[in-house]
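Participant: Structure file protein26.cif (mmCIF, C-alpha atoms (C1' of nucleotides)) right here:
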data_structure
loop_
_atom_site.group_PDB
_atom_site.id
_atom_site.type_symbol
_atom_site.label_atom_id
_atom_site.label_comp_id
_atom_site.auth_asym_id
_atom_site.auth_seq_id
_atom_site.Cartn_x
_atom_site.Cartn_y
_atom_site.Cartn_z
ATOM 1 C CA MET G 1 25.460 11.043 -17.369
ATOM 2 C CA THR G 2 23.100 8.308 -18.237
ATOM 3 C CA THR G 3 20.005 9.241 -20.131
ATOM 4 C CA ARG G 4 18.448 5.813 -20.004
ATOM 5 C CA GLY G 5 15.025 5.962 -18.496
ATOM 6 C CA GLU G 6 14.770 9.684 -18.653
ATOM 7 C CA GLN G 7 12.293 9.393 -21.480
ATOM 8 C CA MET G 8 10.118 7.317 -19.192
ATOM 9 C CA GLN G 9 10.523 9.811 -16.388
ATOM 10 C CA ALA G 10 9.577 12.636 -18.731
ATOM 11 C CA GLN G 11 6.453 10.809 -19.820
ATOM 12 C CA VAL G 12 5.459 10.064 -16.245
ATOM 13 C CA LEU G 13 5.935 13.706 -15.343
ATOM 14 C CA THR G 14 3.851 14.779 -18.329
ATOM 15 C CA VAL G 15 1.048 12.490 -17.264
ATOM 16 C CA LEU G 16 1.118 13.845 -13.719
ATOM 17 C CA LYS G 17 1.225 17.453 -14.850
ATOM 18 C CA ARG G 18 -1.602 16.969 -17.286
ATOM 19 C CA LYS G 19 -3.700 15.510 -14.499
ATOM 20 C CA GLY G 20 -2.900 18.370 -12.131
ATOM 21 C CA ALA G 21 -3.873 16.258 -9.154
ATOM 22 C CA ALA G 22 -2.725 13.260 -7.208
ATOM 23 C CA MET G 23 -2.614 9.989 -9.133
ATOM 24 C CA SER G 24 -1.950 6.487 -7.954
ATOM 25 C CA ALA G 25 0.973 4.673 -9.518
ATOM 26 C CA TYR G 26 -1.516 2.422 -11.274
ATOM 27 C CA ASP G 27 -3.410 5.393 -12.703
ATOM 28 C CA VAL G 28 -0.096 6.522 -14.160
ATOM 29 C CA LEU G 29 0.501 3.008 -15.404
ATOM 30 C CA ASP G 30 -2.841 2.995 -17.224
ATOM 31 C CA ALA G 31 -2.138 6.394 -18.749
ATOM 32 C CA LEU G 32 1.173 5.122 -20.076
ATOM 33 C CA ARG G 33 -0.271 1.985 -21.609
ATOM 34 C CA ALA G 34 -1.296 3.995 -24.663
ATOM 35 C CA ASP G 35 2.362 4.446 -25.570
ATOM 36 C CA HIS G 36 3.723 1.356 -23.855
ATOM 37 C CA PRO G 37 1.286 -1.544 -24.101
ATOM 38 C CA LYS G 38 3.498 -3.886 -22.102
ATOM 39 C CA ILE G 39 4.543 -1.553 -19.309
ATOM 40 C CA ALA G 40 4.731 -3.064 -15.815
ATOM 41 C CA PRO G 41 4.540 -1.590 -12.293
ATOM 42 C CA PRO G 42 8.275 -1.538 -11.504
ATOM 43 C CA THR G 43 8.918 0.682 -14.496
ATOM 44 C CA VAL G 44 6.449 3.226 -13.197
ATOM 45 C CA TYR G 45 7.674 3.017 -9.624
ATOM 46 C CA ARG G 46 11.262 3.461 -10.696
ATOM 47 C CA ALA G 47 10.401 6.521 -12.745
ATOM 48 C CA LEU G 48 8.343 7.943 -9.884
ATOM 49 C CA ASN G 49 11.110 7.354 -7.358
ATOM 50 C CA ALA G 50 13.681 8.963 -9.622
ATOM 51 C CA LEU G 51 11.417 11.980 -10.070
ATOM 52 C CA ILE G 52 10.855 12.194 -6.329
ATOM 53 C CA GLU G 53 14.622 12.227 -5.785
ATOM 54 C CA LYS G 54 14.939 15.067 -8.269
ATOM 55 C CA GLY G 55 12.081 16.939 -6.633
ATOM 56 C CA GLY G 56 9.777 17.040 -9.650
ATOM 57 C CA VAL G 57 7.249 14.783 -7.999
ATOM 58 C CA HIS G 58 6.002 14.396 -4.448
ATOM 59 C CA ARG G 59 4.505 11.373 -2.830
ATOM 60 C CA VAL G 60 1.267 11.965 -0.956
ATOM 61 C CA GLU G 61 1.607 9.560 1.946
ATOM 62 C CA SER G 62 -1.961 9.814 3.120
ATOM 63 C CA LEU G 63 -3.272 8.858 -0.326
ATOM 64 C CA ASN G 64 -0.597 6.432 -1.434
ATOM 65 C CA ALA G 65 -0.431 8.617 -4.497
ATOM 66 C CA PHE G 66 1.853 10.950 -6.404
ATOM 67 C CA VAL G 67 1.630 14.504 -7.630
ATOM 68 C CA ALA G 68 3.717 16.704 -9.901
ATOM 69 C CA CYS G 69 5.327 19.594 -8.130
ATOM 70 C CA ASN G 70 3.605 22.679 -9.489
ATOM 71 C CA SER G 71 5.679 25.414 -7.893
ATOM 72 C CA ASP G 72 8.982 25.286 -9.702
ATOM 73 C CA ASP G 73 10.633 27.945 -7.610
ATOM 74 C CA HIS G 74 10.647 26.652 -4.065
ATOM 75 C CA ASP G 75 13.381 24.414 -2.799
ATOM 76 C CA HIS G 76 12.399 20.873 -2.144
ATOM 77 C CA ASP G 77 13.903 20.333 1.269
ATOM 78 C CA HIS G 78 10.631 19.195 2.752
ATOM 79 C CA SER G 79 9.826 22.702 3.959
ATOM 80 C CA SER G 80 6.299 22.851 2.746
ATOM 81 C CA VAL G 81 2.776 21.886 3.614
ATOM 82 C CA MET G 82 0.638 19.914 1.214
ATOM 83 C CA SER G 83 -3.031 20.839 1.027
ATOM 84 C CA ILE G 84 -5.085 18.036 -0.437
ATOM 85 C CA CYS G 85 -8.609 18.682 -1.649
ATOM 86 C CA ASP G 86 -10.714 15.615 -0.946
ATOM 87 C CA ASP G 87 -13.307 16.815 -3.444
ATOM 88 C CA CYS G 88 -11.240 17.393 -6.574
ATOM 89 C CA GLY G 89 -7.940 15.756 -5.640
ATOM 90 C CA SER G 90 -5.885 18.873 -6.265
ATOM 91 C CA VAL G 91 -2.742 19.258 -4.196
ATOM 92 C CA GLU G 92 -1.118 22.572 -3.388
ATOM 93 C CA GLU G 93 2.199 23.144 -1.695
ATOM 94 C CA SER G 94 2.619 26.067 0.645
ATOM 95 C CA PRO G 95 6.036 26.971 1.961
ATOM 96 C CA ALA G 96 5.964 27.150 5.736
ATOM 97 C CA PRO G 97 9.367 27.910 7.187
ATOM 98 C CA GLU G 98 7.988 29.205 10.500
ATOM 99 C CA LEU G 99 6.005 26.054 10.927
ATOM 100 C CA MET G 100 9.114 23.997 10.371
ATOM 101 C CA ASP G 101 10.984 26.042 12.957
ATOM 102 C CA ASN G 102 8.132 25.542 15.358
ATOM 103 C CA LEU G 103 8.187 21.818 14.714
ATOM 104 C CA SER G 104 11.937 21.620 15.172
ATOM 105 C CA GLY G 105 11.568 23.395 18.468
ATOM 106 C CA ILE G 106 8.931 21.003 19.718
ATOM 107 C CA LEU G 107 10.923 17.959 18.708
ATOM 108 C CA SER G 108 14.320 19.072 19.886
ATOM 109 C CA LYS G 109 12.916 19.241 23.429
ATOM 110 C CA THR G 110 12.276 15.523 23.251
ATOM 111 C CA GLY G 111 15.700 14.663 21.813
ATOM 112 C CA PHE G 112 14.168 13.448 18.581
ATOM 113 C CA ALA G 113 16.401 13.911 15.529
ATOM 114 C CA ALA G 114 14.067 14.700 12.647
ATOM 115 C CA GLN G 115 14.971 13.603 9.151
ATOM 116 C CA ARG G 116 11.807 13.758 7.086
ATOM 117 C CA HIS G 117 8.630 15.760 7.515
ATOM 118 C CA VAL G 118 5.237 14.627 6.316
ATOM 119 C CA ILE G 119 2.766 17.481 6.613
ATOM 120 C CA GLU G 120 -0.439 16.881 4.724
ATOM 121 C CA VAL G 121 -3.721 18.625 5.327
ATOM 122 C CA HIS G 122 -6.947 17.218 3.967
ATOM 123 C CA GLY G 123 -9.963 19.394 3.358
ATOM 124 C CA THR G 124 -11.658 21.383 0.642
ATOM 125 C CA CYS G 125 -9.872 23.775 -1.675
ATOM 126 C CA SER G 126 -11.178 27.273 -2.285
ATOM 127 C CA ASP G 127 -12.551 26.347 -5.711
ATOM 128 C CA CYS G 128 -14.560 23.448 -4.332
ATOM 129 C CA VAL G 129 -15.747 25.513 -1.375
ATOM 130 C CA ALA G 130 -16.999 28.102 -3.871
ATOM 131 C CA ASP G 131 -18.764 25.416 -5.872
ATOM 132 C CA GLY G 132 -20.963 24.618 -2.897
ATOM 133 C CA SER G 133 -21.500 21.328 -1.154
ATOM 134 C CA LYS G 134 -22.479 18.947 -3.974
ATOM 135 C CA PRO G 135 -23.537 20.630 -7.245
ATOM 136 C CA MET O 1 -25.263 -0.572 23.517
ATOM 137 C CA THR O 2 -23.811 -3.433 21.629
ATOM 138 C CA THR O 3 -20.803 -5.129 23.091
ATOM 139 C CA ARG O 4 -20.219 -7.373 20.134
ATOM 140 C CA GLY O 5 -16.779 -6.978 18.765
ATOM 141 C CA GLU O 6 -15.504 -5.086 21.742
ATOM 142 C CA GLN O 7 -13.604 -8.154 22.854
ATOM 143 C CA MET O 8 -11.836 -8.130 19.525
ATOM 144 C CA GLN O 9 -11.103 -4.430 19.823
ATOM 145 C CA ALA O 10 -9.710 -4.976 23.297
ATOM 146 C CA GLN O 11 -7.435 -7.727 22.060
ATOM 147 C CA VAL O 12 -6.218 -5.611 19.163
ATOM 148 C CA LEU O 13 -5.496 -2.754 21.530
ATOM 149 C CA THR O 14 -3.614 -5.097 23.859
ATOM 150 C CA VAL O 15 -1.479 -6.338 20.994
ATOM 151 C CA LEU O 16 -0.663 -2.790 19.910
ATOM 152 C CA LYS O 17 0.133 -1.642 23.430
ATOM 153 C CA ARG O 18 2.343 -4.632 24.090
ATOM 154 C CA LYS O 19 4.270 -3.854 20.951
ATOM 155 C CA GLY O 20 4.698 -0.207 21.887
ATOM 156 C CA ALA O 21 5.406 0.679 18.271
ATOM 157 C CA ALA O 22 3.698 0.880 14.926
ATOM 158 C CA MET O 23 2.373 -2.383 13.540
ATOM 159 C CA SER O 24 0.881 -3.203 10.188
ATOM 160 C CA ALA O 25 -2.635 -4.585 10.168
ATOM 161 C CA TYR O 26 -1.201 -7.921 9.115
ATOM 162 C CA ASP O 27 1.273 -7.935 12.001
ATOM 163 C CA VAL O 28 -1.714 -7.505 14.283
ATOM 164 C CA LEU O 29 -3.478 -10.254 12.407
ATOM 165 C CA ASP O 30 -0.578 -12.634 12.987
ATOM 166 C CA ALA O 31 -0.436 -11.757 16.663
ATOM 167 C CA LEU O 32 -4.127 -12.549 16.984
ATOM 168 C CA ARG O 33 -3.877 -15.901 15.258
ATOM 169 C CA ALA O 34 -2.733 -17.458 18.519
ATOM 170 C CA ASP O 35 -6.193 -16.889 19.986
ATOM 171 C CA HIS O 36 -8.154 -16.870 16.737
ATOM 172 C CA PRO O 37 -6.705 -19.361 14.265
ATOM 173 C CA LYS O 38 -9.214 -18.466 11.555
ATOM 174 C CA ILE O 39 -9.163 -14.689 11.849
ATOM 175 C CA ALA O 40 -9.320 -12.721 8.588
ATOM 176 C CA PRO O 41 -8.245 -9.202 7.568
ATOM 177 C CA PRO O 42 -11.646 -7.475 7.704
ATOM 178 C CA THR O 43 -12.002 -8.418 11.354
ATOM 179 C CA VAL O 44 -8.732 -6.697 12.142
ATOM 180 C CA TYR O 45 -9.489 -3.663 10.003
ATOM 181 C CA ARG O 46 -12.897 -3.241 11.563
ATOM 182 C CA ALA O 47 -11.460 -3.411 15.046
ATOM 183 C CA LEU O 48 -8.705 -0.968 14.096
ATOM 184 C CA ASN O 49 -11.144 1.473 12.540
ATOM 185 C CA ALA O 50 -13.422 1.329 15.565
ATOM 186 C CA LEU O 51 -10.457 1.989 17.844
ATOM 187 C CA ILE O 52 -9.347 4.881 15.655
ATOM 188 C CA GLU O 53 -12.825 6.402 15.936
ATOM 189 C CA LYS O 54 -12.635 6.106 19.710
ATOM 190 C CA GLY O 55 -9.152 7.596 19.729
ATOM 191 C CA GLY O 56 -7.357 4.647 21.278
ATOM 192 C CA VAL O 57 -5.396 3.969 18.123
ATOM 193 C CA HIS O 58 -3.834 6.167 15.484
ATOM 194 C CA ARG O 59 -3.076 5.363 11.920
ATOM 195 C CA VAL O 60 0.434 6.218 10.749
ATOM 196 C CA GLU O 61 -0.169 7.268 7.162
ATOM 197 C CA SER O 62 3.449 7.289 6.116
ATOM 198 C CA LEU O 63 3.910 3.679 7.249
ATOM 199 C CA ASN O 64 0.508 2.253 6.419
ATOM 200 C CA ALA O 65 0.555 1.095 10.010
ATOM 201 C CA PHE O 66 -1.190 1.551 13.333
ATOM 202 C CA VAL O 67 -0.103 2.484 16.817
ATOM 203 C CA ALA O 68 -1.752 2.510 20.238
ATOM 204 C CA CYS O 69 -2.189 5.967 21.660
ATOM 205 C CA ASN O 70 0.126 6.094 24.630
ATOM 206 C CA SER O 71 -0.825 9.428 26.132
ATOM 207 C CA ASP O 72 -4.248 8.888 27.608
ATOM 208 C CA ASP O 73 -4.760 12.448 28.682
ATOM 209 C CA HIS O 74 -4.621 14.533 25.551
ATOM 210 C CA ASP O 75 -7.666 15.093 23.445
ATOM 211 C CA HIS O 76 -7.658 13.387 20.121
ATOM 212 C CA ASP O 77 -8.752 16.192 17.861
ATOM 213 C CA HIS O 78 -5.775 15.772 15.584
ATOM 214 C CA SER O 79 -3.821 18.421 17.452
ATOM 215 C CA SER O 80 -0.596 16.543 17.778
ATOM 216 C CA VAL O 81 2.575 15.681 15.974
ATOM 217 C CA MET O 82 3.670 12.106 15.571
ATOM 218 C CA SER O 83 7.391 11.387 15.855
ATOM 219 C CA ILE O 84 8.293 8.118 14.222
ATOM 220 C CA CYS O 85 11.649 6.493 14.944
ATOM 221 C CA ASP O 86 12.831 4.749 11.794
ATOM 222 C CA ASP O 87 15.268 2.681 13.863
ATOM 223 C CA CYS O 88 13.024 1.147 16.518
ATOM 224 C CA GLY O 89 9.570 1.944 15.162
ATOM 225 C CA SER O 90 8.450 3.774 18.286
ATOM 226 C CA VAL O 91 5.891 6.518 17.805
ATOM 227 C CA GLU O 92 5.441 9.449 20.153
ATOM 228 C CA GLU O 93 2.725 12.050 20.086
ATOM 229 C CA SER O 94 3.516 15.604 21.009
ATOM 230 C CA PRO O 95 0.729 18.121 21.432
ATOM 231 C CA ALA O 96 1.410 21.149 19.295
ATOM 232 C CA PRO O 97 -1.382 23.698 19.511
ATOM 233 C CA GLU O 98 0.797 26.590 18.314
ATOM 234 C CA LEU O 99 1.801 24.630 15.300
ATOM 235 C CA MET O 100 -1.823 23.970 14.480
ATOM 236 C CA ASP O 101 -2.609 27.656 14.794
ATOM 237 C CA ASN O 102 0.293 28.436 12.530
ATOM 238 C CA LEU O 103 -0.949 25.900 10.015
ATOM 239 C CA SER O 104 -4.473 27.247 10.126
ATOM 240 C CA GLY O 105 -3.099 30.702 9.479
ATOM 241 C CA ILE O 106 -1.140 29.592 6.461
ATOM 242 C CA LEU O 107 -4.058 27.712 4.977
ATOM 243 C CA SER O 108 -6.768 30.250 5.621
ATOM 244 C CA LYS O 109 -4.849 32.689 3.427
ATOM 245 C CA THR O 110 -5.362 30.313 0.519
ATOM 246 C CA GLY O 111 -9.045 29.719 1.223
ATOM 247 C CA PHE O 112 -8.451 26.077 1.980
ATOM 248 C CA ALA O 113 -10.884 24.588 4.512
ATOM 249 C CA ALA O 114 -8.869 22.075 6.519
ATOM 250 C CA GLN O 115 -10.568 19.012 7.909
ATOM 251 C CA ARG O 116 -7.840 16.554 8.826
ATOM 252 C CA HIS O 117 -4.190 17.052 9.663
ATOM 253 C CA VAL O 118 -1.471 14.508 9.006
ATOM 254 C CA ILE O 119 1.734 15.597 10.702
ATOM 255 C CA GLU O 120 4.315 12.863 10.905
ATOM 256 C CA VAL O 121 8.020 13.351 11.419
ATOM 257 C CA HIS O 122 10.450 10.576 10.657
ATOM 258 C CA GLY O 123 13.861 10.403 12.275
ATOM 259 C CA THR O 124 15.648 8.875 15.224
ATOM 260 C CA CYS O 125 14.327 8.892 18.765
ATOM 261 C CA SER O 126 16.499 9.955 21.678
ATOM 262 C CA ASP O 127 17.020 6.347 22.818
ATOM 263 C CA CYS O 128 18.269 5.267 19.413
ATOM 264 C CA VAL O 129 20.424 8.368 19.066
ATOM 265 C CA ALA O 130 22.003 7.487 22.410
ATOM 266 C CA ASP O 131 22.599 3.918 21.260
ATOM 267 C CA GLY O 132 24.896 5.181 18.523
ATOM 268 C CA SER O 133 24.665 4.554 14.824
ATOM 269 C CA LYS O 134 24.575 0.736 14.585
ATOM 270 C CA PRO O 135 25.733 -1.122 17.727
ATOM 271 C "C1'" DC S 1 -41.820 -15.007 21.156
ATOM 272 C "C1'" DG S 2 -41.225 -13.185 16.477
ATOM 273 C "C1'" DA S 3 -39.885 -9.561 13.373
ATOM 274 C "C1'" DC S 4 -36.387 -6.171 12.718
ATOM 275 C "C1'" DT S 5 -31.838 -4.165 12.769
ATOM 276 C "C1'" DT S 6 -27.028 -4.136 13.262
ATOM 277 C "C1'" DG S 7 -22.734 -5.482 12.333
ATOM 278 C "C1'" DC S 8 -19.594 -9.573 12.517
ATOM 279 C "C1'" DG S 9 -17.087 -13.492 10.091
ATOM 280 C "C1'" DT S 10 -15.902 -15.248 5.871
ATOM 281 C "C1'" DT S 11 -14.777 -15.567 1.065
ATOM 282 C "C1'" DA S 12 -13.024 -13.544 -2.474
ATOM 283 C "C1'" DC S 13 -10.756 -10.056 -4.658
ATOM 284 C "C1'" DA S 14 -8.838 -5.232 -5.507
ATOM 285 C "C1'" DA S 15 -5.147 -1.956 -5.004
ATOM 286 C "C1'" DT S 16 -0.453 -0.857 -3.854
ATOM 287 C "C1'" DA S 17 4.361 -2.150 -4.016
ATOM 288 C "C1'" DT S 18 8.719 -4.752 -4.494
ATOM 289 C "C1'" DA S 19 12.147 -8.912 -4.961
ATOM 290 C "C1'" DA S 20 14.856 -11.053 -8.129
ATOM 291 C "C1'" DC S 21 16.821 -12.202 -12.386
ATOM 292 C "C1'" DG S 22 18.543 -11.796 -16.970
ATOM 293 C "C1'" DT S 23 20.022 -8.485 -20.124
ATOM 294 C "C1'" DA S 24 20.909 -4.304 -22.605
ATOM 295 C "C1'" DA S 25 22.980 0.190 -22.344
ATOM 296 C "C1'" DT S 26 26.684 2.956 -20.762
ATOM 297 C "C1'" DC S 27 31.234 3.663 -18.938
ATOM 298 C "C1'" DT S 28 36.323 2.738 -18.117
ATOM 299 C "C1'" DA S 29 40.611 1.516 -19.249
ATOM 300 C "C1'" DA S 30 43.852 -0.538 -22.089
ATOM 301 C "C1'" DT Y 1 37.832 -0.087 -30.555
ATOM 302 C "C1'" DT Y 2 36.899 -3.453 -27.652
ATOM 303 C "C1'" DA Y 3 36.869 -6.364 -23.156
ATOM 304 C "C1'" DG Y 4 35.297 -6.009 -18.848
ATOM 305 C "C1'" DA Y 5 32.831 -3.681 -15.241
ATOM 306 C "C1'" DT Y 6 28.778 -1.333 -13.933
ATOM 307 C "C1'" DT Y 7 24.321 0.433 -13.967
ATOM 308 C "C1'" DA Y 8 19.680 0.221 -14.206
ATOM 309 C "C1'" DC Y 9 15.929 -1.509 -17.142
ATOM 310 C "C1'" DG Y 10 12.106 -4.820 -18.396
ATOM 311 C "C1'" DT Y 11 9.869 -8.740 -16.954
ATOM 312 C "C1'" DT Y 12 7.885 -12.228 -14.093
ATOM 313 C "C1'" DA Y 13 6.251 -13.298 -10.080
ATOM 314 C "C1'" DT Y 14 4.835 -12.396 -5.654
ATOM 315 C "C1'" DA Y 15 4.402 -9.690 -1.328
ATOM 316 C "C1'" DT Y 16 1.760 -6.329 1.205
ATOM 317 C "C1'" DT Y 17 -2.171 -3.566 2.260
ATOM 318 C "C1'" DG Y 18 -7.050 -2.991 2.098
ATOM 319 C "C1'" DT Y 19 -12.170 -3.756 0.961
ATOM 320 C "C1'" DA Y 20 -16.777 -5.402 -1.366
ATOM 321 C "C1'" DA Y 21 -20.307 -8.294 -0.542
ATOM 322 C "C1'" DC Y 22 -23.065 -11.783 1.447
ATOM 323 C "C1'" DG Y 23 -25.108 -14.678 4.864
ATOM 324 C "C1'" DC Y 24 -25.812 -15.310 9.512
ATOM 325 C "C1'" DA Y 25 -25.623 -14.458 14.485
ATOM 326 C "C1'" DA Y 26 -26.405 -11.295 18.252
ATOM 327 C "C1'" DG Y 27 -28.902 -7.875 20.149
ATOM 328 C "C1'" DT Y 28 -33.481 -4.833 20.068
ATOM 329 C "C1'" DC Y 29 -38.195 -3.928 20.486
ATOM 330 C "C1'" DG Y 30 -42.994 -4.650 19.651
#
For the file at hand, write its structure as structure tokens.
Facilitator:
Amino acid sequence: MTTRGEQMQAQVLTVLKRKGAAMSAYDVLDALRADHPKIAPPTVYRALNALIEKGGVHRVESLNAFVACNSDDHDHDHSSVMSICDDCGSVEESPAPELMDNLSGILSKTGFAAQRHVIEVHGTCSDCVADGSKP
Amino acid sequence: MTTRGEQMQAQVLTVLKRKGAAMSAYDVLDALRADHPKIAPPTVYRALNALIEKGGVHRVESLNAFVACNSDDHDHDHSSVMSICDDCGSVEESPAPELMDNLSGILSKTGFAAQRHVIEVHGTCSDCVADGSKP
DNA sequence: CGACTTGCGTTACAATATAACGTAATCTAA
DNA sequence: TTAGATTACGTTATATTGTAACGCAAGTCG
């Protein structure tokens, strides 16, 4: 087992968890510059991609951004819905097995062989709804 | 009613329909250079955004690309699933009202107020499945 | 017609992402 | 242990995607 690069991955994950919301790769890059003054984009993208493979990080396609997985228990086989708050940037994952079954049913009728699901819902999270429109 | 720019929108829509698959904004730009040698990105993005507002074009978030809406009948209130073939680039929309209800149910439990749904499924379309793995 | 408004075209640049190359770290086998 | 193979890292450079801002042209309305 190689451990090269895992330090970088750990630092990237720490940054994302500390933020608790979606961050662009370049936001992560800036956060890492404190420790690594000469860090470059490919380093960050490689760490992010490795973390995505492991399931510790998800890519938010509709934001071109990344978020730490906060629910450690669920499996990461794409069986969840991402709720993205456009006010505060928080991202929650909700497991949705029935929805996936429903989707499979719809698609199988058309002969489409699904491989990857992107289910992202934009809106306002309960906290931001409670805070009112624009305090 | 202004008609300025509608020519451009019409040409963009023609390009997208002729392609019959997702295209990046810059692919559209290149296609338009034949008629408009000096065309620039904002012109294309403005036309694309106007067409998206009207519902004639959809943005494919997971590809950073755009596709002409091929089913003229359905309403465009986000109530459909996009099936994206990673082999040929074709994009199909399937209405999925039950799925949307299901999704609303899941999210309302968390207090999340949904405003926009991004439901994109990547895989292989029936034509490409029929063509075998790599002919 | 002349003043006002809208939004287009253009220039320039910002934000996101990756190709490619040399090299250092790790692994394998003798 | 070390030579050779392999992996994947850091770096440079560049590709790709998207937008801010400004001046002007086209349409609007008195």
Participant: Just how far from CA of Tyr45 in chain O is CA of Ser90 in chain G, in Å to one decimal?
Facilitator: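 Straight-line distance from CA of Ser90 in chain G to CA of Tyr45 in chain O works out to 28.0 Å.
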Participant: Decode the PyMOL selection byres ((chain Y) within 9 of (chain G)) for the given file into explicit residues and return them as a ChimeraX atom specification.
Facilitator: /Y:8-11
Participant: Could you check how far CA of Asp30 in chain G sits from CA of Val91 in chain G, in Å to one decimal?
Facilitator: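 CA of Val91 in chain G lies 20.8 Å from CA of Asp30 in chain G.
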Participant: Which residues fall under the PyMOL selection byres ((chain S) within 12 of (chain G)) in this file, as an MDAnalysis selection string?
Facilitator: chainID S and resid 15:19 24:27
Participant: Run the PyMOL selection byres ((chain G) within 10 of (chain O)) on the file and write out the hits as a PyMOL selection string.
Facilitator: chain G and resi 59-64+81-86+92+94-96+98-104+106-108+110-130
Participant: What separation in Å, quoted to one decimal, exists between CA of Ala10 in chain O and CA of Leu51 in chain O?
Facilitator: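 About the pair CA of Ala10 in chain O and CA of Leu51 in chain O: they are 8.9 Å apart.
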Participant: May I ask which of the residues G:Arg18, G:Gly105, G:Leu13, G:Leu32 is the closest one to Asn49 in chain G, counting all atoms listed in the file?
Facilitator: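 Of all the options, G:Leu13 lies closest to Asn49 in chain G.
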Participant: Which residues, written as a ChimeraX atom specification, have at least one atom at most 8 Å from Val12 in chain G, with only C-alpha atoms (C1' of nucleotides) counted and residues fewer than 2 positions away on the same chain left out?
Facilitator: /G:8-10,14-16,28,32,44,47-48
Participant: Could you please take those selected residues and save C-alpha atoms as an mmCIF file, keeping the file's coordinate frame?
Facilitator:
data_model
loop_
_atom_site.group_PDB
_atom_site.id
_atom_site.type_symbol
_atom_site.label_atom_id
_atom_site.label_comp_id
_atom_site.auth_asym_id
_atom_site.auth_seq_id
_atom_site.Cartn_x
_atom_site.Cartn_y
_atom_site.Cartn_z
ATOM 1 C CA MET G 8 10.118 7.317 -19.192
ATOM 2 C CA GLN G 9 10.523 9.811 -16.388
ATOM 3 C CA ALA G 10 9.577 12.636 -18.731
ATOM 4 C CA THR G 14 3.851 14.779 -18.329
ATOM 5 C CA VAL G 15 1.048 12.490 -17.264
ATOM 6 C CA LEU G 16 1.118 13.845 -13.719
ATOM 7 C CA VAL G 28 -0.096 6.522 -14.160
ATOM 8 C CA LEU G 32 1.173 5.122 -20.076
ATOM 9 C CA VAL G 44 6.449 3.226 -13.197
ATOM 10 C CA ALA G 47 10.401 6.521 -12.745
ATOM 11 C CA LEU G 48 8.343 7.943 -9.884
#
Participant: Could you list as a list of chain:residue names every residue that has an atom within 12 Å of (-37.7, -3.7, 23.3), using the file's coordinates and counting all atoms listed in the file?
Facilitator: S:DA3, S:DC4, Y:DG27, Y:DT28, Y:DC29, Y:DG30
Participant: Need the shell around DG23 in chain Y: protein/DNA/RNA residues with any atom at most 10 Å away, counting only C-alpha atoms (C1' of nucleotides). Skip same-chain ones fewer than 2 positions apart. Format as a list of chain:residue names?
Facilitator: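 Surrounding residues, per the criterion: S:DG9, S:DT10, Y:DA21, Y:DA25.
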